[in-house]
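**Student:** What follows is a single structure, and I will ask about it in a moment.
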Amino acid sequence: MTVEPFARLPSVPADGYATHEVMNQASPLVGHNAFTDDRLLTEIAGRERIAWAGDRLAEAGATVASARVAELAREANRHTPELRSHDRFGHRIDEIAFHPAWHELMSLAIGHGTHALAWTANRPGAHVARGMLSYLWNQGESGICCPLGMTYSAVPALRLQPDLAAAWEPFILSTRYDASAAPMQRKTGGTVGMTLTEKQAGSDLRATETTARPAGARRGPGEVYRIDGHKWFFSVPHSDVFVTLARTDRGLSCFLLPGWLPDGTRNRLLIQRLKDKCGNKSNASGEIEYRGALAWLVGEEGQGIKAALAMTHLTRLDFAIGSAGLMRRALSEAIHHTTARRAFQRRLVDQPLMQNVIADLALEVEAATLLAFRLARAVDDEQAGDPAAALLVRIGTPVAKFFNCKRAVGVVHEALECHGGNGFIEEGPMARLYREAPLNGIWEGSGNVIALDVLRAAGRSPQSVPAFLDEVRLAKGGDRRLDRLVAEIEAELAAPEEHEARARRIAERMAIALQASLLIRHSPLAVADAFCATRLGGDGGTAYGGLPAGLDQRAIVERARVSHAGL
């Protein structure tokens, strides 16, 4: 008689696969509210009188911090967009296939009005409120924020041609997301892309070689032209309509180019390939060719740079806001992890050196956030007709874009390091944030271009310098180190020798001065003192975690903590 070999084995307990107990690990940071649980953000909202947007912001805050959005972001980045140049029968279609997670994220964010609220609210503080939605969604998934930001920022350029604005604004400001590849007449809403950069030109838009010629007998604003040429970085090539530059025989001009024509056919816009980017994986960027594509002229021929700048000023503001939001997410993750994790019988966050690092990061995030939203309020004031605000927007926006984008890289890297090896694993969010962090510093002008734009503003709009200094001096007497820095900046801007070579340093000092002024005026004493001591007084290190003794680091960390699971 044979005996089954497994008959003699003892029974296995239900938990028999476990070799050890998993402990001392943080849970995912989900289930809180990224708006209502953020002390700084709610303070700014109260100060800027946007209570009318409170329910919308609270809904967005709960959504972006939900387990559902965390999973959607992960899936959208794992399953990246694919170009489908032809259908199975060989017809050219130039479509991009996205994972359903991308479309769900876009539907949620557009439903909140992240792309549109500044233009649809008709309330004081509308740009601040929309900026907060952008700040929140950059914590959820930065990849979708590119089409949202471009749609938001396209409106001023579009309004340079009122007849086109009347036709397109209701469509692009709709809060009903429609993913179908079809002309606007068949859709419930759409997004705007921007396409300026060419291979040979980069940031030198005047070197654009793409050409435009009238499609019919008439030419001029609002008329149809045919576009031929290429674009090297084509942002969101599946968008419904694009702001693009091309050269007529009268100079560089701005055009509005639809992705699809009214008969349902693709405009003559050929997507050659998608970029394989370091980060921003969920979003599609490509290279394209125009082969007689149809587009409407926006404004006068030869005024293309002016029209494009009407859009890029707002995209640059959105990158300053988005970088602050990205830093906020990284800081929240670092606080959460170091609170849950224990070593040597203490929580990591309670250990002096780790607490120093987290507090230093918290200073950076608070300063970046205040800087971004001060410029958002200036845009609101500019829209209301305040000439001083317009001057502050002109010089302050590139200052904020330059500095926030630069600081995001170091903040996210240090926050990742707080996690140890767990931060470097793709299953968690930190690796994705790390790859995302450098991108805002490249989009809409890399560091050199933006720093030089600060000097350009000072030279071409000389009253912008006193407008900036007046804003900083609202904290005069609050800290002698700031008063001294302001005097130095004023003297340096008044003596333009070697400005170009020092443009980065000038922009950096201007950003730090405005940040310090805002912290002194609006933040707790512990935060403002620590910032001024380390960023103005030289009592800090070149790496995060160099705060000097005597500062209330625990108070700084606790101020930055979001409520989650009782931690």
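Letters A, B, ... mark the chains of the structure tokens in the order given; residue numbers begin at 1 per chain; ligand numbers begin at 1, in order shown.
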Write out as a PyMOL selection string the set of residues from region 94-162 of chain A that DSSP, computed on the backbone, places in helix (DSSP H, G or I).
**Tutor:** chain A and resi 100-111+117-120+126-140+142-158+162
**Student:** Mind checking which residues fall within 10 Å of region 37-44 of chain A, counting only C-alpha atoms, ignoring those fewer than 5 positions away in the same chain, and posting them as a PyMOL selection string?
**Tutor:** chain A and resi 32+49-51+54+57-58+61-62+128+132+135-136+328+332+365-366+369-370+373-374+522-523+558-564
**Student:** Write a file of the selected residues as a compact mmCIF listing (two decimals), in the first residue's frame, keeping C-alpha atoms.
**Tutor:**
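Dumped to result.txt:
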```txt
# COMPACT_ATOMS: atom_id res chain seq x y z
CA HIS A 32 -6.40 63.56 5.20
CA ARG A 49 -10.76 86.70 1.39
CA ILE A 50 -11.62 83.70 -0.73
CA ALA A 51 -14.13 82.12 1.64
CA GLY A 54 -13.80 77.27 0.61
CA LEU A 57 -10.96 73.90 -2.07
CA ALA A 58 -11.94 71.51 0.71
CA GLY A 61 -8.06 68.85 -0.79
CA ALA A 62 -9.89 65.65 0.17
CA VAL A 128 -5.49 83.02 -5.77
CA MET A 132 -4.70 76.92 -4.67
CA TYR A 135 -1.12 73.85 -5.66
CA LEU A 136 -3.31 70.98 -4.46
CA ARG A 328 4.58 70.69 0.09
CA SER A 332 4.24 66.10 4.11
CA VAL A 365 8.12 75.30 1.79
CA GLU A 366 6.43 78.09 3.73
CA THR A 369 4.22 79.10 -0.82
CA LEU A 370 3.91 82.67 0.45
CA PHE A 373 0.50 83.28 -3.67
CA ARG A 374 1.64 86.86 -3.22
CA HIS A 522 2.42 86.80 8.05
CA SER A 523 4.13 83.81 9.71
CA GLU A 558 4.36 70.93 14.01
CA ARG A 559 3.10 73.89 12.01
CA ALA A 560 3.91 72.01 8.79
CA ARG A 561 2.27 68.73 9.82
CA VAL A 562 -0.97 67.58 8.18
CA SER A 563 -3.40 65.65 10.36
CA HIS A 564 -3.33 61.96 9.57
```
**Student:** Determine, counting only C-alpha atoms, which protein, DNA and RNA residues have an atom within 7 Å of an atom of region 540-557 of chain A; residues of the same chain fewer than 6 positions away are not included. Present the result as a PyMOL selection string.
**Tutor:** chain A and resi 353+355-362+526-527+530+534
**Student:** Can I get the selection written as a short mmCIF file (atom, residue, chain, number, x, y, z; two decimals), in the first residue's frame, with C-alpha atoms?
**Tutor:**
```cif
data_model
loop_
_atom_site.label_atom_id
_atom_site.label_comp_id
_atom_site.auth_asym_id
_atom_site.auth_seq_id
_atom_site.Cartn_x
_atom_site.Cartn_y
_atom_site.Cartn_z
CA LEU A 353 19.32 66.09 13.61
CA GLN A 355 14.13 67.45 13.38
CA ASN A 356 16.61 70.03 12.16
CA VAL A 357 16.32 68.73 8.59
CA ILE A 358 12.52 68.65 8.63
CA ALA A 359 12.29 72.13 10.16
CA ASP A 360 14.68 73.50 7.54
CA LEU A 361 12.56 71.98 4.76
CA ALA A 362 9.43 73.42 6.36
CA ALA A 526 9.59 81.08 15.18
CA VAL A 527 9.34 80.61 11.40
CA ALA A 530 14.62 80.93 11.69
CA THR A 534 19.68 81.19 8.06
#
```
**Student:** For region 443-459 of chain A, please output as a list in words all residues within 6 Å (counting only C-alpha atoms; exclusion window: fewer than 3 positions along the same chain).
**Tutor:**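 Once the adjacent positions are removed, what remains is Ile395, Pro398, Phe402, Asn440, Pro462, Val465, Ala503, Arg504 and Ala507 of chain A.
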**Student:** Just the strand (DSSP E or B) stuff from region 290-499 of chain A, please, per backbone DSSP, written as a PyMOL selection string.
**Tutor:** chain A and resi 290-298+342-343+346-347
**Student:** Find, counting only C-alpha atoms, the residue in A:Tyr17, A:Trp260, A:Phe319, A:Phe234 that gets nearest to Ala437 (chain A).
**Tutor:**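 Between A:Tyr17, A:Trp260, A:Phe319, A:Phe234, the residue approaching Ala437 (chain A) most closely is A:Phe319.
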**Student:** Find the spatial neighbours of Leu72 (chain A), counting only C-alpha atoms, within a cut-off of 8 Å - ignore same-chain residues fewer than 3 positions away - and output them as number ranges by chain.
**Tutor:** A: 68-69, 75-76, 101-102, 104-105
